[in-house]
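Dumped final.tsv below, it's TSV, C-alpha atoms and all ligand atoms:
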```tsv
chain	number	residue	atom	x	y	z
A	865	MET	CA	98.87	122.15	128.76
A	866	LYS	CA	95.85	121.79	131.00
A	867	LEU	CA	92.97	123.02	128.87
A	868	SER	CA	92.24	123.52	125.17
A	869	LEU	CA	89.23	125.55	124.10
A	870	VAL	CA	88.04	124.42	120.68
A	871	VAL	CA	86.17	127.22	118.97
A	872	PRO	CA	84.59	126.77	115.51
A	873	CYS	CA	84.05	130.12	113.77
A	874	TYR	CA	82.06	130.80	110.65
A	875	ASN	CA	81.64	134.49	109.80
A	876	GLU	CA	82.37	135.60	113.35
A	877	ALA	CA	84.63	138.56	112.50
A	878	GLU	CA	83.01	140.83	115.09
A	879	ASN	CA	83.13	138.20	117.82
A	880	VAL	CA	86.56	136.58	117.80
A	881	ALA	CA	88.43	139.42	119.54
A	882	ALA	CA	85.72	139.82	122.17
A	883	PHE	CA	85.76	136.06	122.66
A	884	ARG	CA	89.54	135.98	123.16
A	885	ASP	CA	89.29	138.85	125.66
A	886	ALA	CA	86.48	137.13	127.55
A	887	VAL	CA	88.56	133.95	127.77
A	888	VAL	CA	91.66	135.83	128.92
A	889	SER	CA	89.75	137.63	131.65
A	890	ALA	CA	87.86	134.49	132.72
A	891	PHE	CA	91.06	132.47	133.08
A	892	ASP	CA	93.15	135.26	134.55
A	893	GLY	CA	94.81	133.84	137.67
A	894	CYS	CA	93.33	130.36	137.23
A	895	GLY	CA	96.76	128.85	137.86
A	896	TYR	CA	96.94	126.54	134.86
A	897	ASP	CA	97.93	126.70	131.19
A	898	TYR	CA	95.27	126.94	128.53
A	899	GLU	CA	95.12	127.50	124.79
A	900	ILE	CA	92.47	128.54	122.32
A	901	VAL	CA	92.15	126.49	119.13
A	902	PHE	CA	90.21	128.60	116.63
A	903	ILE	CA	88.89	126.92	113.51
A	904	ASP	CA	88.01	129.29	110.72
A	905	ASP	CA	85.38	127.31	108.86
A	906	GLY	CA	85.83	128.97	105.47
A	907	SER	CA	84.42	132.30	106.64
A	908	ARG	CA	83.60	134.84	103.97
A	909	ASP	CA	84.12	137.88	106.17
A	910	ALA	CA	87.23	139.14	107.97
A	911	THR	CA	87.29	136.29	110.53
A	912	LEU	CA	90.61	134.84	109.33
A	913	HIS	CA	92.18	138.29	109.06
A	914	ASN	CA	91.11	139.07	112.64
A	915	LEU	CA	92.33	135.69	113.89
A	916	ARG	CA	95.76	136.31	112.36
A	917	LYS	CA	95.87	139.63	114.16
A	918	LEU	CA	94.90	138.01	117.47
A	919	TYR	CA	97.56	135.36	116.91
A	920	GLN	CA	100.24	138.03	116.54
A	921	GLU	CA	99.10	139.84	119.68
A	922	HIS	CA	100.09	136.77	121.78
A	923	ARG	CA	97.77	137.52	124.69
A	924	CYS	CA	97.37	133.78	125.25
A	925	PRO	CA	98.54	130.57	123.53
A	926	MET	CA	96.54	130.19	120.37
A	927	LYS	CA	96.23	127.98	117.32
A	928	VAL	CA	94.36	128.86	114.17
A	929	ILE	CA	93.26	126.28	111.63
A	930	SER	CA	91.76	127.73	108.51
A	931	PHE	CA	89.62	125.60	106.21
A	932	SER	CA	89.75	125.90	102.44
A	933	ARG	CA	85.94	126.29	102.42
A	934	ASN	CA	82.95	125.92	104.73
A	935	PHE	CA	82.89	122.32	105.94
A	936	GLY	CA	80.39	122.81	108.77
A	937	LYS	CA	80.68	123.08	112.53
A	938	GLU	CA	81.04	119.33	112.98
A	939	ALA	CA	84.14	119.23	110.78
A	940	GLY	CA	85.46	122.24	112.71
A	941	LEU	CA	85.09	120.42	116.00
A	942	TYR	CA	86.89	117.38	114.54
A	943	ALA	CA	89.83	119.51	113.38
A	944	GLY	CA	89.90	121.28	116.75
A	945	LEU	CA	90.10	117.98	118.62
A	946	GLN	CA	92.95	116.83	116.37
A	947	HIS	CA	94.98	119.94	117.14
A	948	ALA	CA	94.10	120.37	120.82
A	949	SER	CA	96.91	119.44	123.15
A	950	GLY	CA	95.22	119.99	126.50
A	951	GLU	CA	94.56	117.40	129.16
A	952	TYR	CA	91.00	118.72	129.16
A	953	ILE	CA	89.24	119.86	126.03
A	954	SER	CA	86.30	122.21	125.89
A	955	LEU	CA	83.96	122.83	122.94
A	956	ILE	CA	82.55	126.33	122.94
A	957	ASP	CA	80.98	128.69	120.38
A	958	ALA	CA	82.64	131.91	119.27
A	959	ASP	CA	79.52	134.08	119.64
A	960	LEU	CA	79.75	134.47	123.45
A	961	GLN	CA	76.38	132.78	123.97
A	962	GLN	CA	78.28	130.44	126.25
A	963	ARG	CA	80.32	132.26	128.86
A	964	PRO	CA	83.95	131.11	129.32
A	965	GLU	CA	83.46	131.35	133.11
A	966	ILE	CA	81.31	128.24	132.87
A	967	VAL	CA	84.30	126.38	131.39
A	968	ARG	CA	86.22	127.20	134.56
A	969	ASP	CA	83.46	125.57	136.59
A	970	MET	CA	83.55	122.55	134.28
A	971	VAL	CA	87.31	122.20	134.77
A	972	LYS	CA	86.77	122.37	138.53
A	973	ILE	CA	84.21	119.58	138.38
A	974	LEU	CA	86.58	117.37	136.34
A	975	ASP	CA	89.38	118.10	138.84
A	976	GLU	CA	87.28	117.33	141.87
A	977	LYS	CA	85.24	114.43	140.62
A	978	PRO	CA	87.38	111.78	138.94
A	979	GLU	CA	84.27	109.63	138.40
A	980	PHE	CA	83.13	111.98	135.63
A	981	ASP	CA	84.83	112.15	132.24
A	982	VAL	CA	82.55	114.71	130.61
A	983	VAL	CA	80.85	117.83	131.91
A	984	ALA	CA	78.07	118.88	129.54
A	985	ALA	CA	75.97	122.00	129.85
A	986	TYR	CA	72.28	122.01	129.09
A	987	GLN	CA	70.15	125.10	128.65
A	988	ASP	CA	67.76	125.65	131.53
A	989	ARG	CA	65.78	128.30	129.67
A	990	ARG	CA	65.54	128.41	125.92
A	991	GLY	CA	64.70	131.66	124.27
A	992	GLU	CA	63.27	130.12	121.10
A	993	GLY	CA	59.75	130.18	119.67
A	994	LYS	CA	56.99	127.68	120.46
A	995	VAL	CA	56.91	126.24	116.92
A	996	LEU	CA	60.65	125.50	116.82
A	997	SER	CA	60.52	124.12	120.32
A	998	PHE	CA	57.67	121.79	119.29
A	999	PHE	CA	59.61	120.49	116.26
A	1000	LYS	CA	62.71	119.96	118.36
A	1001	LYS	CA	60.71	117.94	120.86
A	1002	CYS	CA	59.29	115.81	118.01
A	1003	PHE	CA	62.79	115.22	116.65
A	1004	TYR	CA	64.20	114.09	119.97
A	1005	SER	CA	61.34	111.74	120.65
A	1006	ILE	CA	61.67	110.23	117.14
A	1007	ILE	CA	65.44	109.80	117.36
A	1008	ASN	CA	65.31	108.39	120.88
A	1009	HIS	CA	62.74	105.83	119.74
A	1010	LEU	CA	64.52	104.91	116.54
A	1011	SER	CA	68.19	104.94	117.31
A	1012	ASP	CA	70.58	103.19	119.62
A	1013	VAL	CA	71.77	106.42	121.19
A	1014	THR	CA	69.81	108.47	123.69
A	1015	LEU	CA	69.93	112.22	123.29
A	1016	ARG	CA	68.99	114.85	125.82
A	1017	ALA	CA	66.71	117.41	124.24
A	1018	ASP	CA	68.23	120.41	126.00
A	1019	ALA	CA	71.90	119.41	125.84
A	1020	SER	CA	74.16	121.36	123.51
A	1021	ASP	CA	77.63	120.80	122.13
A	1022	PHE	CA	78.95	122.99	124.94
A	1023	ARG	CA	81.01	120.58	127.01
A	1024	THR	CA	84.40	119.85	128.53
A	1025	PHE	CA	85.94	116.40	128.65
A	1026	ARG	CA	89.11	114.50	129.34
A	1027	ARG	CA	91.65	113.69	126.65
A	1028	SER	CA	90.61	110.03	126.51
A	1029	VAL	CA	87.11	111.11	125.46
A	1030	ALA	CA	88.54	113.30	122.69
A	1031	GLU	CA	90.63	110.40	121.44
A	1032	SER	CA	87.56	108.18	121.34
A	1033	ILE	CA	85.62	110.82	119.40
A	1034	LEU	CA	88.46	111.12	116.90
A	1035	ARG	CA	88.34	107.38	116.27
A	1036	LEU	CA	84.88	107.85	114.78
A	1037	GLY	CA	86.01	108.95	111.35
A	1038	GLU	CA	82.60	109.16	109.72
A	1039	TYR	CA	82.11	111.74	107.03
A	1040	HIS	CA	78.62	112.75	108.11
A	1041	ARG	CA	79.22	113.83	111.66
A	1042	PHE	CA	76.32	114.28	114.03
A	1043	SER	CA	78.06	115.39	117.23
A	1044	LYS	CA	75.18	114.89	119.62
A	1045	GLY	CA	74.94	111.27	118.54
A	1046	ILE	CA	78.71	110.82	118.60
A	1047	PHE	CA	78.98	112.14	122.17
A	1048	SER	CA	76.28	109.77	123.27
A	1049	TRP	CA	77.70	106.83	121.30
A	1050	VAL	CA	81.21	107.02	122.80
A	1051	GLY	CA	79.67	106.83	126.26
A	1052	TYR	CA	81.71	107.85	129.36
A	1053	SER	CA	80.08	109.17	132.50
A	1054	THR	CA	78.68	112.64	132.01
A	1055	CYS	CA	77.87	115.28	134.57
A	1056	PHE	CA	75.15	117.65	133.35
A	1057	ILE	CA	75.13	121.21	134.57
A	1058	PRO	CA	72.54	123.88	133.70
A	1059	TYR	CA	73.46	127.13	132.01
A	1060	THR	CA	71.60	130.04	130.50
A	1061	ALA	CA	72.59	130.91	126.95
A	1062	CYS	CA	73.23	134.62	126.46
A	1063	GLU	CA	72.26	136.59	123.40
A	1064	ARG	CA	74.61	136.33	120.44
A	1065	ALA	CA	77.25	139.08	120.82
A	1066	ALA	CA	77.20	140.00	117.11
A	1067	GLY	CA	76.28	138.49	113.76
A	1068	ARG	CA	73.49	136.04	113.02
A	1069	THR	CA	72.85	132.41	113.79
A	1070	LYS	CA	73.80	130.05	110.96
A	1071	TRP	CA	70.81	127.82	111.54
A	1072	SER	CA	67.76	128.13	109.38
A	1073	PHE	CA	64.69	125.93	109.68
A	1074	ARG	CA	65.73	124.01	106.55
A	1075	LYS	CA	69.20	123.37	107.97
A	1076	LEU	CA	67.70	122.12	111.21
A	1077	VAL	CA	65.47	119.66	109.33
A	1078	ASN	CA	68.46	118.38	107.35
A	1079	TYR	CA	70.45	118.07	110.56
A	1080	ALA	CA	67.63	116.08	112.14
A	1081	ILE	CA	67.48	113.67	109.18
A	1082	GLU	CA	71.27	113.32	109.33
A	1083	GLY	CA	70.98	112.41	113.00
A	1084	ILE	CA	68.36	109.74	112.42
A	1085	ILE	CA	70.06	108.19	109.36
A	1086	GLY	CA	73.49	108.34	111.01
A	1087	PHE	CA	72.53	106.54	114.19
A	1088	SER	CA	69.81	104.11	113.24
A	1089	THR	CA	68.92	101.59	110.57
A	1090	ARG	CA	65.42	101.17	111.89
A	1091	PRO	CA	63.79	103.29	109.14
A	1092	LEU	CA	64.83	100.49	106.76
A	1093	ARG	CA	62.91	98.01	108.84
A	1094	LEU	CA	60.00	100.42	108.80
A	1095	ALA	CA	59.91	99.99	105.02
A	1096	ALA	CA	59.73	96.22	105.45
A	1097	TYR	CA	56.90	96.51	108.01
A	1098	LEU	CA	55.03	98.85	105.71
A	1099	GLY	CA	55.31	96.31	102.91
A	1100	VAL	CA	54.03	93.45	105.06
A	1101	MET	CA	51.11	95.53	106.31
A	1102	THR	CA	50.14	96.60	102.78
A	1103	ALA	CA	50.29	93.02	101.53
A	1104	PHE	CA	48.09	91.91	104.41
A	1105	ALA	CA	45.55	94.69	103.73
A	1106	ALA	CA	45.53	93.70	100.03
A	1107	LEU	CA	44.81	90.09	100.98
A	1108	VAL	CA	41.85	91.12	103.17
A	1109	TYR	CA	40.52	93.32	100.36
A	1110	LEU	CA	40.89	90.43	97.90
A	1111	VAL	CA	38.63	88.27	100.07
A	1112	ILE	CA	36.07	91.11	100.30
A	1113	VAL	CA	36.06	91.60	96.54
A	1114	VAL	CA	35.64	87.89	95.83
A	1115	LEU	CA	32.78	87.61	98.33
A	1116	GLN	CA	31.09	90.70	96.89
A	1117	LYS	CA	31.33	89.22	93.41
A	1118	LEU	CA	29.91	85.86	94.54
A	1119	ILE	CA	27.14	87.13	96.82
A	1120	VAL	CA	26.04	90.50	95.44
A	1121	GLY	CA	27.35	90.01	91.94
A	1122	ILE	CA	28.95	93.43	91.39
A	1123	ASP	CA	31.13	93.17	88.33
A	1124	VAL	CA	32.07	96.85	87.77
A	1125	PRO	CA	34.68	97.69	90.39
A	1126	GLY	CA	34.90	101.22	91.77
A	1127	TYR	CA	36.98	103.71	89.83
A	1128	ALA	CA	37.78	105.70	92.98
A	1129	THR	CA	39.10	102.65	94.79
A	1130	ILE	CA	41.57	101.90	92.01
A	1131	ILE	CA	42.86	105.45	91.80
A	1132	VAL	CA	43.28	105.71	95.57
A	1133	LEU	CA	45.06	102.37	95.75
A	1134	ILE	CA	47.43	103.24	92.90
A	1135	LEU	CA	48.32	106.57	94.50
A	1136	LEU	CA	48.66	105.08	97.97
A	1137	LEU	CA	50.86	102.22	96.86
A	1138	GLY	CA	52.92	104.43	94.57
A	1139	GLY	CA	53.42	106.91	97.40
A	1140	MET	CA	54.47	104.24	99.84
A	1141	GLN	CA	56.90	102.73	97.35
A	1142	LEU	CA	58.53	106.07	96.63
A	1143	PHE	CA	58.74	106.79	100.36
A	1144	CYS	CA	60.54	103.49	100.97
A	1145	ILE	CA	62.86	103.99	98.01
A	1146	GLY	CA	63.62	107.42	99.44
A	1147	ILE	CA	64.59	105.90	102.78
A	1148	ILE	CA	66.79	103.30	101.12
A	1149	GLY	CA	68.25	106.04	98.91
A	1150	GLU	CA	69.30	108.03	101.96
A	1151	TYR	CA	71.30	105.10	103.28
A	1152	VAL	CA	72.77	104.24	99.89
A	1153	GLY	CA	73.81	107.88	99.44
A	1154	LYS	CA	75.48	108.00	102.83
A	1155	THR	CA	77.27	104.72	102.14
A	1156	PHE	CA	78.44	106.04	98.77
A	1157	GLU	CA	79.79	109.23	100.30
A	1158	GLN	CA	81.54	107.37	103.10
A	1159	SER	CA	83.01	104.85	100.63
A	1160	LYS	CA	84.84	107.64	98.82
A	1161	GLN	CA	86.81	108.19	102.04
A	1162	ARG	CA	87.22	111.89	101.48
A	1163	PRO	CA	88.84	113.89	104.26
A	1164	ILE	CA	86.46	115.49	106.76
A	1165	TYR	CA	88.06	118.88	106.12
A	1166	ILE	CA	90.92	120.51	104.24
A	1167	ALA	CA	93.07	123.00	106.10
A	1168	LYS	CA	94.76	125.63	103.96
A	1169	GLU	CA	96.57	127.40	106.76
A	1170	ILE	CA	97.59	126.45	110.29
A	1171	LEU	CA	99.07	128.90	112.77
A	1172	GLY	CA	100.72	127.95	116.04
A	1173	ASP	CA	100.80	124.19	115.59
A	1174	ASP	CA	103.93	122.41	114.37
A	1175	GLN	CA	102.33	118.98	114.15
A	1201	LIG	N1	79.72	127.43	112.91
A	1201	LIG	C1	80.74	126.88	112.13
A	1201	LIG	N2	80.45	126.44	110.85
A	1201	LIG	C2	79.19	126.53	110.33
A	1201	LIG	C3	78.16	127.07	111.16
A	1201	LIG	C4	78.48	127.50	112.43
A	1201	LIG	O1	81.89	126.77	112.56
A	1201	LIG	O2	78.98	126.12	109.20
A	1201	LIG	C5	80.06	127.92	114.28
A	1201	LIG	C6	79.63	129.35	114.56
A	1201	LIG	O3	80.61	130.27	114.15
A	1201	LIG	C7	79.46	129.34	116.08
A	1201	LIG	C8	78.98	127.92	116.34
A	1201	LIG	O4	79.33	127.14	115.21
A	1201	LIG	O5	80.67	129.56	116.76
A	1201	LIG	C9	77.48	127.85	116.59
A	1201	LIG	O6	76.78	128.44	115.52
A	1201	LIG	P1	75.53	129.39	115.75
A	1201	LIG	O7	75.83	130.41	116.80
A	1201	LIG	O8	75.13	129.91	114.41
A	1201	LIG	O9	74.45	128.37	116.26
A	1201	LIG	P2	73.39	128.61	117.45
A	1201	LIG	O10	74.15	129.15	118.62
A	1201	LIG	O11	72.41	129.59	116.90
A	1201	LIG	O12	72.82	127.25	117.68
A	1202	MG	MG	75.27	130.70	118.72
```

With the file now loaded, output its structure as structure tokens.
Ligand code: UDP
Ligand code: MG
Amino acid sequence: MKLSLVVPCYNEAENVAAFRDAVVSAFDGCGYDYEIVFIDDGSRDATLHNLRKLYQEHRCPMKVISFSRNFGKEAGLYAGLQHASGEYISLIDADLQQRPEIVRDMVKILDEKPEFDVVAAYQDRRGEGKVLSFFKKCFYSIINHLSDVTLRADASDFRTFRRSVAESILRLGEYHRFSKGIFSWVGYSTCFIPYTACERAAGRTKWSFRKLVNYAIEGIIGFSTRPLRLAAYLGVMTAFAALVYLVIVVLQKLIVGIDVPGYATIIVLILLLGGMQLFCIGIIGEYVGKTFEQSKQRPIYIAKEILGDDQ
């Protein structure tokens, strides 16, 4: 098997058949074997039903892994990598925003340029609003400053890589999976190619603003411990400021003789210090929570049905 397309699907009932057809026509006459590995991520619509139908039609080699509930796209990608048997593996969305023809180009690059192990697509034009775009920029600059991995702001999960890369990714068994960080962490030489994302064929995006914020926090916590040091710095700076203020208060008392300290100052200091303490406890709590969840060693996903794979 030359190529496996790993396709996570969550409520994509209207898209899966069109996606399969687009893949079949894109790879028609390509001269190599390929398979589609669909992951039904606990969809609540007819996605699984439609995937079973596609599987029976046998238009191309196909595997279907169906989760017992929604575990998230990251878990879907992990399961897809485990079940992919291709020499090259491609991660692509089911909504046809990313055209399968581009995967053909990616395969060509991997064939022709042995120095690259990964071909990743980045969006040359993004059709999103100014506000979202601003927040995304903030997130990338924060994470690139804080963490050990460097992320490209416009890169997506849409990429094709060699089997060795997939095996490396699978060795990272963390429960909270932040793919962008994982791709960057495993390294390998990456060739970036531009692509223009199309409109979603049908259905709605699963990303809300709240989900994006959570995802961003996950990314920072998962790939950096520097926020913890930030708490320590904050503590040192506060202690230093308190020391300076102590000297001022003593001098005021000795020179001017004020003996009724300001009410406002006390309230502000209590609130400020309380706020900072809670903020730092919150940061520590995030890490403790993640450690707790990882220590339980729960599986990343649970598959209730697998079609087309005898592993
Ligand atoms: N997806 C998934 N599980 C989820 C959310 C999304 O498998 O919990 C899949 C979804 O079906 C799609 C891909 O991940 O194939 C990308 O999702 P979406 O199109 O909503 O994201 P966007 O393209 O808007 O970034
Ligand atoms: Mg999409």

Item to check | From A:Glu1169, A:Gly993, A:Ser1048, A:Ala985, residue lying nearest A:Ala1019 [all atoms listed in the file] | outcome: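 Between A:Glu1169, A:Gly993, A:Ser1048, A:Ala985, the residue approaching A:Ala1019 most closely is A:Ala985.
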
Item to check | Spatial neighbours of A:Arg968, 12 Å, only C-alpha atoms, chain gap at least 2 places, as a ChimeraX atom specification | outcome: /A:866-869,887-896,898,952-954,962-966,970-975,983,1023-1024

Next on the checklist: I want to know what sits within 12 Å of A:Cys1062, based on only C-alpha atoms, with residues of the same chain fewer than 6 positions away left out; could you give that as a VMD selection string?
Outcome noted: chain A and resid 957 959 to 964 987 to 991

Next on the checklist: So, with only C-alpha atoms and all ligand atoms as the atoms that count, which of A:Asp1021, A:Asp904, A:Glu951, A:Glu921 lies closest to ligand MG 1202 (chain A)?
Outcome noted: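 Going through A:Asp1021, A:Asp904, A:Glu951, A:Glu921 one by one, the smallest distance to ligand MG 1202 (chain A) is for A:Asp1021.
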
Checklist entry - Which polymer residues have any atom within 9 Å of an atom of A:Val1029, counting only C-alpha atoms, with same-chain residues fewer than 4 positions away left out, as a ChimeraX atom specification? => result /A:981-982,1025,1033-1034,1047,1050-1052

Counting all atoms listed in the file, which residues of chain A sit at most 10 Å from some atom of ligand LIG 1201 (chain A), and what is each one's closest atom pair with its distance in Å to one decimal, listed by chain and rising residue number, as CSV?
```
residue,atom,partner,partner_atom,distance
A:Val870,CA,A:LIG1201,O5,9.8
A:Val871,CA,A:LIG1201,O5,6.4
A:Pro872,CA,A:LIG1201,O1,4.0
A:Cys873,CA,A:LIG1201,O3,3.5
A:Tyr874,CA,A:LIG1201,O3,3.8
A:Asn875,CA,A:LIG1201,O3,6.1
A:Glu876,CA,A:LIG1201,O3,5.7
A:Ala877,CA,A:LIG1201,O3,9.4
A:Asn879,CA,A:LIG1201,O5,9.0
A:Val880,CA,A:LIG1201,O5,9.2
A:Phe902,CA,A:LIG1201,O1,9.4
A:Ile903,CA,A:LIG1201,O1,7.1
A:Asp904,CA,A:LIG1201,O1,6.9
A:Asp905,CA,A:LIG1201,O1,5.1
A:Gly906,CA,A:LIG1201,N2,8.0
A:Ser907,CA,A:LIG1201,N2,8.2
A:Thr911,CA,A:LIG1201,O3,9.7
A:Arg933,CA,A:LIG1201,O2,9.7
A:Asn934,CA,A:LIG1201,O2,6.0
A:Phe935,CA,A:LIG1201,O2,6.4
A:Gly936,CA,A:LIG1201,O2,3.6
A:Lys937,CA,A:LIG1201,N2,3.8
A:Glu938,CA,A:LIG1201,N2,7.4
A:Ala939,CA,A:LIG1201,O1,8.1
A:Gly940,CA,A:LIG1201,O1,5.8
A:Leu941,CA,A:LIG1201,O1,7.9
A:Leu955,CA,A:LIG1201,C8,9.7
A:Ile956,CA,A:LIG1201,O5,7.2
A:Asp957,CA,A:LIG1201,O5,3.7
A:Ala958,CA,A:LIG1201,O5,4.0
A:Asp959,CA,A:LIG1201,O5,5.5
A:Leu960,CA,A:LIG1201,O5,8.3
A:Gln961,CA,A:LIG1201,O10,6.8
A:Gln962,CA,A:LIG1201,O10,8.8
A:Ser1020,CA,A:LIG1201,O12,8.4
A:Asp1021,CA,A:LIG1201,C9,9.0
A:Phe1022,CA,A:LIG1201,C9,9.8
A:Ala1061,CA,A:LIG1201,O10,8.7
A:Cys1062,CA,A:LIG1201,O10,9.6
A:Glu1063,CA,A:LIG1201,O10,9.0
A:Arg1064,CA,A:LIG1201,O7,7.1
A:Ala1065,CA,A:LIG1201,O7,9.7
A:Ala1066,CA,A:LIG1201,O7,9.7
A:Gly1067,CA,A:LIG1201,O7,8.6
A:Arg1068,CA,A:LIG1201,O8,6.5
A:Thr1069,CA,A:LIG1201,O8,3.4
A:Lys1070,CA,A:LIG1201,O8,3.7
A:Trp1071,CA,A:LIG1201,O8,5.6
A:Ser1072,CA,A:LIG1201,O11,9.0
A:Leu1076,CA,A:LIG1201,O12,9.7
```

Checklist entry - Just how far from atom CA of A:Trp1049 is atom CA of A:Ala1017, in Å to one decimal? => result 15.5 Å

Next on the checklist: Is it possible to get the residues within 8 Å of (82.2, 113.7, 111.6) (coordinates as in the file, counting all atoms listed in the file) written as a PyMOL selection string?
Outcome noted: chain A and resi 938-939+942+1036-1043+1164

Given the selection you just returned, output its residues as a file containing C-alpha atoms, formatted as an mmCIF file, in the frame of the given file.
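Result file follows (part.cif):
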```cif
data_model
loop_
_atom_site.group_PDB
_atom_site.id
_atom_site.type_symbol
_atom_site.label_atom_id
_atom_site.label_comp_id
_atom_site.auth_asym_id
_atom_site.auth_seq_id
_atom_site.Cartn_x
_atom_site.Cartn_y
_atom_site.Cartn_z
ATOM 1 C CA GLU A 938 81.040 119.330 112.980
ATOM 2 C CA ALA A 939 84.140 119.230 110.780
ATOM 3 C CA TYR A 942 86.890 117.380 114.540
ATOM 4 C CA LEU A 1036 84.880 107.850 114.780
ATOM 5 C CA GLY A 1037 86.010 108.950 111.350
ATOM 6 C CA GLU A 1038 82.600 109.160 109.720
ATOM 7 C CA TYR A 1039 82.110 111.740 107.030
ATOM 8 C CA HIS A 1040 78.620 112.750 108.110
ATOM 9 C CA ARG A 1041 79.220 113.830 111.660
ATOM 10 C CA PHE A 1042 76.320 114.280 114.030
ATOM 11 C CA SER A 1043 78.060 115.390 117.230
ATOM 12 C CA ILE A 1164 86.460 115.490 106.760
#
```
